[in-house]
>>> print(open('my_file08.txt').read())   # compact mmCIF, C-alpha atoms
# COMPACT_ATOMS: atom_id res chain seq x y z
CA MET A 1 -6.97 -11.94 -22.61
CA ASP A 2 -10.36 -13.08 -23.92
CA ALA A 3 -13.77 -11.80 -22.78
CA ALA A 4 -14.27 -14.63 -20.25
CA ASP A 5 -11.04 -13.65 -18.46
CA TRP A 6 -12.08 -9.99 -18.29
CA GLU A 7 -15.38 -10.82 -16.56
CA SER A 8 -13.68 -12.08 -13.38
CA CYS A 9 -11.27 -9.15 -13.08
CA ILE A 10 -11.35 -5.90 -11.16
CA VAL A 11 -9.90 -2.93 -12.99
CA THR A 12 -8.36 -0.08 -11.00
CA THR A 13 -6.52 2.95 -12.30
CA THR A 14 -3.18 1.20 -12.63
CA THR A 15 -3.66 -2.52 -12.24
CA LEU A 16 -5.72 -5.54 -13.14
CA THR A 17 -6.14 -8.26 -10.51
CA ARG A 18 -8.45 -11.14 -9.82
CA PRO A 19 -10.19 -10.69 -6.46
CA GLU A 20 -9.86 -14.35 -5.51
CA SER A 21 -6.14 -14.48 -6.26
CA GLY A 22 -4.82 -12.58 -3.24
CA VAL A 23 -1.78 -11.75 -5.36
CA LEU A 24 -0.26 -8.32 -5.03
CA PRO A 25 -0.15 -6.28 -8.23
CA GLU A 26 3.13 -4.99 -9.64
CA ARG A 27 1.95 -1.38 -9.41
CA PHE A 28 -1.03 0.30 -7.74
CA VAL A 29 -2.26 3.51 -6.16
CA MET A 30 -3.86 4.17 -2.79
CA GLU A 31 -5.28 7.20 -1.01
CA VAL A 32 -3.88 8.47 2.29
CA THR A 33 -6.79 10.19 4.04
CA ASP A 34 -7.15 12.78 6.81
CA SER A 35 -8.14 9.89 9.08
CA ASP A 36 -4.93 7.99 8.26
CA ILE A 37 -2.90 11.10 9.11
CA ALA A 38 -4.79 11.70 12.37
CA ASP A 39 -4.42 8.04 13.45
CA GLY A 40 -0.81 7.66 12.27
CA LEU A 41 2.23 7.67 14.52
CA PRO A 42 5.51 9.37 13.51
CA ARG A 43 8.62 7.17 13.18
CA CYS A 44 6.50 4.01 13.52
CA GLY A 45 6.79 1.93 10.35
CA ASP A 46 3.68 -0.15 10.96
CA LYS A 47 1.44 2.68 12.18
CA CYS A 48 2.36 5.59 9.91
CA PRO A 49 -0.39 7.03 7.68
CA LEU A 50 0.96 5.19 4.61
CA ALA A 51 0.85 1.86 6.48
CA LEU A 52 -2.71 2.52 7.67
CA ALA A 53 -3.82 3.45 4.14
CA LEU A 54 -2.11 0.39 2.67
CA MET A 55 -3.68 -1.96 5.21
CA ARG A 56 -7.12 -0.52 4.37
CA TRP A 57 -6.38 -0.95 0.63
CA LEU A 58 -5.31 -4.57 1.15
CA ARG A 59 -8.48 -5.34 3.15
CA ASN A 60 -10.64 -3.69 0.47
CA GLN A 61 -8.93 -5.86 -2.17
CA LYS A 62 -9.51 -8.92 0.07
CA ILE A 63 -5.77 -9.63 0.16
CA THR A 64 -4.76 -11.21 3.45
CA PHE A 65 -1.54 -10.01 5.07
CA VAL A 66 0.37 -10.34 8.32
CA ALA A 67 2.15 -6.99 8.51
CA VAL A 68 2.97 -3.81 6.63
CA THR A 69 6.15 -1.83 7.29
CA VAL A 70 6.88 1.56 5.75
CA THR A 71 10.26 3.28 5.60
CA SER A 72 11.00 6.61 3.98
CA VAL A 73 11.93 4.85 0.72
CA ASP A 74 10.00 1.58 0.53
CA VAL A 75 7.20 -0.60 1.87
CA ALA A 76 7.33 -4.28 2.88
CA ILE A 77 4.10 -6.25 2.73
CA ASN A 78 4.30 -9.49 4.68
CA LEU A 79 1.64 -11.84 3.29
CA ASP A 80 2.58 -14.75 5.54
CA TRP A 81 5.36 -15.77 7.90
CA HIS A 82 6.84 -18.32 5.48
CA THR A 83 7.83 -16.24 2.46
CA PRO A 84 9.89 -13.08 2.02
CA SER A 85 7.92 -9.84 2.05
CA PRO A 86 7.51 -8.20 -1.34
CA ARG A 87 9.00 -4.70 -1.26
CA TYR A 88 7.53 -1.70 -3.01
CA TRP A 89 8.94 1.69 -3.90
CA HIS A 90 6.64 4.61 -3.04
CA ASP A 91 6.61 8.17 -4.33
CA SER A 92 6.28 9.80 -0.88
CA GLU A 93 9.78 10.05 0.57
CA SER A 94 9.60 13.76 1.46
CA TRP A 95 6.01 13.36 2.69
CA VAL A 96 7.08 10.58 5.10
CA HIS A 97 10.05 12.67 6.29
CA ASP A 98 7.73 15.63 6.94
CA PHE A 99 5.25 13.49 8.90
CA ASP A 100 8.04 11.88 10.95
CA ARG A 101 9.41 15.33 11.85
CA GLY A 102 6.00 16.54 13.02
CA ASN A 103 5.38 18.82 10.06
CA ALA A 104 1.86 19.20 8.70
CA VAL A 105 1.04 16.89 5.79
CA GLU A 106 -2.00 16.73 3.51
CA PRO A 107 -3.94 13.71 2.22
CA ARG A 108 -2.53 12.43 -1.04
CA THR A 109 -2.51 9.70 -3.63
CA VAL A 110 0.48 7.38 -3.30
CA VAL A 111 1.91 5.23 -6.09
CA LEU A 112 3.55 1.91 -5.17
CA ALA A 113 5.65 -0.17 -7.57
CA ARG A 114 7.21 -3.55 -6.81
CA LEU A 115 10.97 -3.55 -6.42
CA PRO A 116 13.03 -6.29 -8.08
>>> encode(input="my_file08.txt", output="structure tokens")
Amino acid sequence: MDAADWESCIVTTTTLTRPESGVLPERFVMEVTDSDIADGLPRCGDKCPLALALMRWLRNQKITFVAVTVTSVDVAINLDWHTPSPRYWHDSESWVHDFDRGNAVEPRTVVLARLP
């Protein structure tokens, strides 16, 4: 990549994306906050704390989306109604299980990586 390409990029801890592209990165991190936990609903894939954090991350990156669904093992990000949702692995399986069972959970950094 030459210097002109670098000028239009945003660099985060794990990924490089162009803000105007709206393309999801292969791997990225997001923060689940106390507010996400307080507003989240157990056993509700589109309103769990991870989903709320991911929707905030997508909005901050100016990536438009239709829906986000979280399971204990992966995340689907629906960018539009006409294409399949990219699926991402997340490193929070036990955290999601704890939240869904009503156990106390703490804010954390979550890593997401695109599944093949």
>>> atom_distance(input="my_file08.txt", atom1="atom CA of A:Pro42", atom2="atom CA of A:Val111")
20.4 Å
>>> closest_residue(input="my_file08.txt", among="A:Pro116, A:Leu79, A:Ile37, A:Phe28", to="A:Trp95", atoms="all atoms listed in the file")
A:Ile37
>>> residues_around(input="my_file08.txt", residues="A:Ile63", least_positions_apart="2", cutoff="8 Å", atoms="only C-alpha atoms", output="PyMOL selection string")
chain A and resi 22-24+58-61+65
>>> write_last_selection(input="my_file08.txt", atoms="C-alpha atoms", output="mmCIF file, keeping the file's coordinate frame")
data_model
loop_
_atom_site.group_PDB
_atom_site.id
_atom_site.type_symbol
_atom_site.label_atom_id
_atom_site.label_comp_id
_atom_site.auth_asym_id
_atom_site.auth_seq_id
_atom_site.Cartn_x
_atom_site.Cartn_y
_atom_site.Cartn_z
ATOM 1 C CA GLY A 22 -4.820 -12.580 -3.240
ATOM 2 C CA VAL A 23 -1.780 -11.750 -5.360
ATOM 3 C CA LEU A 24 -0.260 -8.320 -5.030
ATOM 4 C CA LEU A 58 -5.310 -4.570 1.150
ATOM 5 C CA ARG A 59 -8.480 -5.340 3.150
ATOM 6 C CA ASN A 60 -10.640 -3.690 0.470
ATOM 7 C CA GLN A 61 -8.930 -5.860 -2.170
ATOM 8 C CA PHE A 65 -1.540 -10.010 5.070
#
>>> closest_residue(input="my_file08.txt", among="A:Asn78, A:Ser72, A:Thr33, A:Thr64", to="A:Asp100", atoms="all atoms listed in the file")
A:Ser72
>>> residues_around(input="my_file08.txt", residues="A:Asp36", least_positions_apart="4", cutoff="6 Å", atoms="all atoms listed in the file", output="list in words")
Gly40, Pro49 and Leu52 of chain A
>>> closest_residue(input="my_file08.txt", among="A:Asp46, A:Val110, A:Val66, A:Ala53", to="A:Asp34", atoms="all atoms listed in the file")
A:Ala53
>>> closest_residue(input="my_file08.txt", among="A:His90, A:His82, A:Glu26, A:Leu115", to="A:Ala51", atoms="only C-alpha atoms")
A:His90
>>> closest_residue(input="my_file08.txt", among="A:Val96, A:Val68, A:Met55, A:Val73", to="A:Met30", atoms="all atoms listed in the file")
A:Met55
>>> atom_distance(input="my_file08.txt", atom1="atom CA of A:Glu93", atom2="atom CA of A:Pro25")
21.0 Å
>>> atom_distance(input="my_file08.txt", atom1="atom CA of A:Leu50", atom2="atom CA of A:Asp80")
20.0 Å
>>> closest_residue(input="my_file08.txt", among="A:Lys62, A:Arg108, A:Arg101, A:Arg87", to="A:Ser35", atoms="all atoms listed in the file")
A:Arg108
